[in-house]
Amino acid sequence: MVRNQTFGTKAAEALLIAALALISFSSLFPIIHNLAISFSSPAKAMAGFVTVFPKEFNLESYKKLFEDSVFFQSFWISVKRVGITCFISFFISLLMAYPLSRSRREFKLRDVYMWLLIFSMMFNGGLIPFYLIIRQMGLMNSFWVLVLPMLVNVFNVILIVNYFRSIPKELDESAAMDGAGPWYKAFRIYMPLSMPVLATTTLFLIVTVWNEFMLGMMFINHEDSIPLQTYMQQIVVRIDPTLIKSIEDVKRLASVSDKTLGAAKIFASMLPIMLVYPFLQRFFISGIMLGSVKE
Amino acid sequence: MRSKWSEQIHFNLMLLPGMILVLLFTIWPMGGIVLAFKHFIPTKGIWGSPWTGWENYSYLFDTPVALRVFKNTVVIALMKIGFGFLIPIVFALMLNELRIQWFKRTVQTIVYLPHFLSWVLLAGILRDFFAVDGIVNQMLGMFGINEIMFLGENFWFRSIIVGSDIWKEFGFGTIIYLAALTGINPSLYEAADIDGATRMQKLRYVTLPGIATTIVLVGTLSLQNVLNAGFDQIFNLYNTLVYDSSDIIDTYVYRAGIEEGHYEVGTAIGLLKSGVSFILIIISYGLASRFANYRIF
């Protein structure tokens with residue numbers, strides 16, 4: 001009886017491990033498949049049956065990628081955009097979060113600001129008014145149209161506010177006793193103590209800004225100043241899958257479109273996310289929970 | 001008392017840069033919704049264009065397209081909400097039963113990854129994956145099944161939209177449950193062990209009640225997405241052949257408004273969506289705070 005039970009438990013455990021391994025594999029499979037295509041020879045990739053491992057391994061597509069100046073131009077614009085947005089947003093969010101983390105008695109207008117921000121998060125005017133007003137502002141074809149709308153992320157600000165509120169009030173009071181003003185307290189006391197949440201919000205912003213493609217698509221007409229995701233979007237969407245109705249069409253298009261180069265571009269565009277991913281993973285679990293501690 | 005007043009001024013100054021940005025890029029565009037009741041004349045701008053009352057709405061509801069995009073939006077969103085709600089719970093419980101810690105961490109690392117990749121890139125991969133000459137059709141070919149145009153047939157396309165969204169997000173959706181699971185007091189399991197509870201009984205009487213609040217929270221908050229069927233995903237995957245099953249409000253607004261220049265119609269249907277979404281958000285927050293003790297701040 002006892003033996004039976006242990007056998008049953010072990011079988012269940014093995015089944016569980018097998019199921020989870022299978023699910024994990026299917027999570028990665030499309031990405032690995034793409035990677036395998038990028039390292040295969042164009043002929044083999046078109047003929048098919050590249051699954052997990054490259055067929056006729058070669059670096060031809062990556063050689064072509066390095067000669068593609070438009071790709072690197074837009075890659076560089078995206079890097080610049082992420083860097084500038086995250087840097088400015090860090091300070092703006094910190095400066096917003098400090099007064100908002102004060103109590104209603106300390107900061108009279110706190111609730112007015114807070115509700116305005118909550119409202120801006122819950123309601124929006126829709127795409128078209130946004131589009132027309134950005135155009136009216138004269139931000140068309142400007143690099144800053146990629147940065148300015150992304151600087152204030154209300155969700156991130158609230159995350160920081162909630163973290164600030166978990167810092168003991170005594171710290172704030174004793175600093176005030178020593179003559180520290182709000183700016184000094186925000187930068188010298190709250191900022192160093194809040195690095196976990198600030199790292200979390202910054203990492204989330206890096207991912208959001210890197211992945212954003214709409215602003216470049218709507219507001220930038222020059223091909224040499226679009227960010228990477230917008231450039232990739234044009235490449236991806238230009239190939240209309242419905243035009244390919246038969247294998248004959250595929251063969252006809254084979255000479256024109258280059259499957260391996262496309263796959264290499266997709267992988268290269270994912271690379272920055274993969275690079276920050278280990279850091280992301282360390283922070284986002286704690287980060288999501290950070291905001292949930294309330295008095 | 002003087003220092004108190006200067007402190008208030010400094011608080012306002014600190015908020016100034018952020019609030020200017022919110023006013024410019026969120027609040028001011030909200031004023032543009034008046035366009036829903038106007039006839040847009042580019043030379044006169046939003047504010048100078050003449051009023052037309054409900055004309056844009058009556059035009060909108062005379063065309064079959066409005067009904068189609070509303071129906072598609074709600075159907076796709078509900079399917080995503082339904083499956084996207086259940087699967088992470090089951091998956092988190094499976095992970096929780098796992099004893100080997102390094103394996104558990106590896107699985108987590110892998111399944112979270114797709115959440116962070118953009119739909120632009122994933123659409124690029126999926127278009128290839130489900131293409132007529134793609135790997136899925138090649139595998140089906142081995143079983144003698146003819147090529148299926150997955151991205152060009154309404155039935156298949158909608159299934160791929162829902163399926164790939166679940167594929168991308170289910171892993172990330174487990175995080176909140178795994179956090180709740182670590183919060184369950186281990187002595188409850190010890191007590192259950194002493195009482196001779198089986199693994200299934202522990203799952204039923206300790207684990208599930210332990211994450212019940214979180215389940216309610218996620219469920220109520222997901223209500224606000226009833227009109228969000230996922231613009232980024234559909235926009236990068238769809239084509240004219242599958243408009244019947246997958247043209248949603250957001251993609252229609254983009255096409256009608258930005259691509260074809262029917263700004264009033266785009267604004268009108270966008271406002272309808274924003275209005276209904278606003279009500280849904282309030283209801284969902286209300287339910288979340290009532291049943292799961294949830295507070296935004």
# chains A, B, ... in the order shown; residues from 1 in each chain; ligands from 1
$ select_by_dssp --residues "region 114-227 of chain B" --states "alpha helix (DSSP H)" --output "JSON, numbers by chain"
{"B": [119, 120, 121, 122, 123, 124, 125, 126, 127, 128, 129, 135, 136, 137, 138, 139, 140, 141, 142, 154, 155, 156, 157, 158, 159, 160, 161, 162, 163, 164, 165, 166, 167, 168, 169, 170, 171, 172, 173, 175, 176, 177, 178, 179, 180, 181, 182, 186, 187, 188, 189, 190, 191, 192, 193, 194, 199, 200, 201, 202, 208, 209, 210, 211, 212, 213, 214, 215, 216, 217, 218, 219, 220, 221, 222]}
$ interface_residues --of "chain A" --to "chain B" --cutoff "6 Å" --atoms "only C-alpha atoms" --output "short mmCIF file (atom, residue, chain, number, x, y, z; two decimals) with all heavy atoms, in the first residue's frame"
data_model
loop_
_atom_site.label_atom_id
_atom_site.label_comp_id
_atom_site.auth_asym_id
_atom_site.auth_seq_id
_atom_site.Cartn_x
_atom_site.Cartn_y
_atom_site.Cartn_z
N SER A 24 7.20 24.80 -21.51
CA SER A 24 8.35 25.71 -21.64
C SER A 24 8.90 25.67 -23.05
O SER A 24 9.23 26.70 -23.64
CB SER A 24 9.47 25.32 -20.67
OG SER A 24 8.97 25.20 -19.39
N SER A 27 6.85 27.59 -25.38
CA SER A 27 7.02 29.02 -25.19
C SER A 27 8.19 29.55 -25.99
O SER A 27 8.18 30.66 -26.49
CB SER A 27 7.26 29.35 -23.71
OG SER A 27 6.05 29.42 -23.03
N ILE A 92 11.65 63.07 -13.54
CA ILE A 92 10.28 63.59 -13.52
C ILE A 92 9.40 62.73 -12.61
O ILE A 92 8.65 63.26 -11.78
CB ILE A 92 9.71 63.65 -14.95
CG1 ILE A 92 10.40 64.78 -15.72
CG2 ILE A 92 8.20 63.87 -14.92
CD1 ILE A 92 9.81 65.07 -17.07
N LEU A 95 10.30 63.27 -8.93
CA LEU A 95 9.82 64.57 -8.45
C LEU A 95 8.30 64.57 -8.28
O LEU A 95 7.78 65.26 -7.42
CB LEU A 95 10.22 65.67 -9.43
CG LEU A 95 11.68 66.13 -9.34
CD1 LEU A 95 11.98 67.16 -10.40
CD2 LEU A 95 11.96 66.68 -7.95
N MET A 96 7.59 63.82 -9.11
CA MET A 96 6.13 63.75 -8.95
C MET A 96 5.78 62.91 -7.74
O MET A 96 4.85 63.22 -7.00
CB MET A 96 5.49 63.13 -10.20
CG MET A 96 5.49 64.01 -11.41
SD MET A 96 4.79 63.10 -12.81
CE MET A 96 3.05 63.46 -12.57
N PRO A 99 6.00 64.64 -3.65
CA PRO A 99 4.86 65.37 -3.07
C PRO A 99 3.60 64.51 -2.98
O PRO A 99 2.84 64.63 -2.01
CB PRO A 99 4.62 66.53 -4.05
CG PRO A 99 5.74 66.54 -4.98
CD PRO A 99 6.47 65.26 -4.90
N MET A 122 -7.53 56.59 -16.63
CA MET A 122 -8.76 55.83 -16.87
C MET A 122 -9.48 56.26 -18.14
O MET A 122 -10.20 55.48 -18.75
CB MET A 122 -9.71 55.96 -15.68
CG MET A 122 -9.14 55.39 -14.40
SD MET A 122 -10.39 54.93 -13.19
CE MET A 122 -11.12 56.48 -12.80
N PHE A 123 -9.31 57.51 -18.53
CA PHE A 123 -10.04 58.00 -19.70
C PHE A 123 -9.05 58.56 -20.70
O PHE A 123 -8.06 59.16 -20.32
CB PHE A 123 -11.03 59.09 -19.28
CG PHE A 123 -11.94 59.52 -20.41
CD1 PHE A 123 -13.02 58.73 -20.77
CD2 PHE A 123 -11.69 60.69 -21.09
CE1 PHE A 123 -13.84 59.12 -21.82
CE2 PHE A 123 -12.52 61.08 -22.15
CZ PHE A 123 -13.60 60.29 -22.50
N GLY A 125 -8.82 60.47 -24.82
CA GLY A 125 -9.60 61.09 -25.89
C GLY A 125 -9.62 60.27 -27.17
O GLY A 125 -10.28 60.62 -28.12
N GLY A 126 -8.86 59.19 -27.17
CA GLY A 126 -8.81 58.37 -28.38
C GLY A 126 -7.66 58.77 -29.28
O GLY A 126 -7.00 59.79 -29.08
N ILE A 128 -7.49 59.64 -32.59
CA ILE A 128 -7.55 60.72 -33.58
C ILE A 128 -7.29 62.10 -32.97
O ILE A 128 -6.45 62.84 -33.48
CB ILE A 128 -8.90 60.70 -34.34
CG1 ILE A 128 -9.17 59.29 -34.91
CG2 ILE A 128 -8.92 61.72 -35.45
CD1 ILE A 128 -8.16 58.79 -35.90
N PRO A 129 -7.98 62.46 -31.85
CA PRO A 129 -7.66 63.74 -31.24
C PRO A 129 -6.17 63.85 -30.86
O PRO A 129 -5.55 64.89 -31.08
CB PRO A 129 -8.54 63.77 -29.99
CG PRO A 129 -9.69 62.92 -30.33
CD PRO A 129 -9.13 61.82 -31.17
N PHE A 130 -5.61 62.77 -30.35
CA PHE A 130 -4.18 62.75 -30.01
C PHE A 130 -3.34 63.05 -31.25
O PHE A 130 -2.45 63.90 -31.23
CB PHE A 130 -3.81 61.38 -29.43
CG PHE A 130 -2.36 61.21 -29.08
CD1 PHE A 130 -1.83 61.84 -27.96
CD2 PHE A 130 -1.53 60.43 -29.87
CE1 PHE A 130 -0.49 61.68 -27.63
CE2 PHE A 130 -0.19 60.27 -29.54
CZ PHE A 130 0.34 60.90 -28.43
N PRO A 149 5.72 62.05 -25.27
CA PRO A 149 4.49 61.40 -24.79
C PRO A 149 4.76 60.22 -23.86
O PRO A 149 3.85 59.74 -23.20
CB PRO A 149 3.81 60.92 -26.08
CG PRO A 149 4.43 61.70 -27.17
CD PRO A 149 5.83 61.97 -26.73
N ASN A 211 9.77 48.76 -27.37
CA ASN A 211 8.76 48.05 -28.15
C ASN A 211 7.74 48.95 -28.84
O ASN A 211 6.95 48.47 -29.64
CB ASN A 211 8.02 47.06 -27.25
CG ASN A 211 8.87 45.86 -26.90
OD1 ASN A 211 9.87 45.59 -27.56
ND2 ASN A 211 8.48 45.14 -25.87
N GLN A 233 8.12 47.05 -38.29
CA GLN A 233 6.70 46.94 -38.59
C GLN A 233 6.46 47.08 -40.10
O GLN A 233 5.69 46.33 -40.68
CB GLN A 233 5.93 48.02 -37.83
CG GLN A 233 4.46 47.73 -37.63
CD GLN A 233 3.62 48.27 -38.75
OE1 GLN A 233 4.04 49.17 -39.47
NE2 GLN A 233 2.44 47.73 -38.92
N VAL A 236 7.58 43.86 -41.73
CA VAL A 236 6.69 42.73 -41.43
C VAL A 236 5.38 42.85 -42.19
O VAL A 236 4.89 41.91 -42.78
CB VAL A 236 6.42 42.65 -39.91
CG1 VAL A 236 5.25 41.74 -39.62
CG2 VAL A 236 7.67 42.17 -39.19
N THR A 242 -1.71 37.10 -47.66
CA THR A 242 -2.82 36.60 -48.47
C THR A 242 -2.50 36.64 -49.95
O THR A 242 -3.19 36.03 -50.76
CB THR A 242 -4.08 37.44 -48.23
OG1 THR A 242 -3.77 38.80 -48.56
CG2 THR A 242 -4.53 37.35 -46.81
N ILE A 266 14.77 40.27 -37.08
CA ILE A 266 13.88 40.08 -35.93
C ILE A 266 14.70 39.69 -34.71
O ILE A 266 14.52 40.25 -33.62
CB ILE A 266 12.82 39.00 -36.25
CG1 ILE A 266 11.80 39.55 -37.24
CG2 ILE A 266 12.11 38.55 -34.97
CD1 ILE A 266 10.77 38.55 -37.70
#
$ atom_distance --atom1 "CA of Val161 (chain A)" --atom2 "CA of Arg110 (chain A)"
11.7 Å
$ closest_residue --among "A:Pro182, A:Tyr190, A:Asp224, A:Lys63" --to "Phe107 (chain A)" --atoms "only C-alpha atoms"
A:Pro182
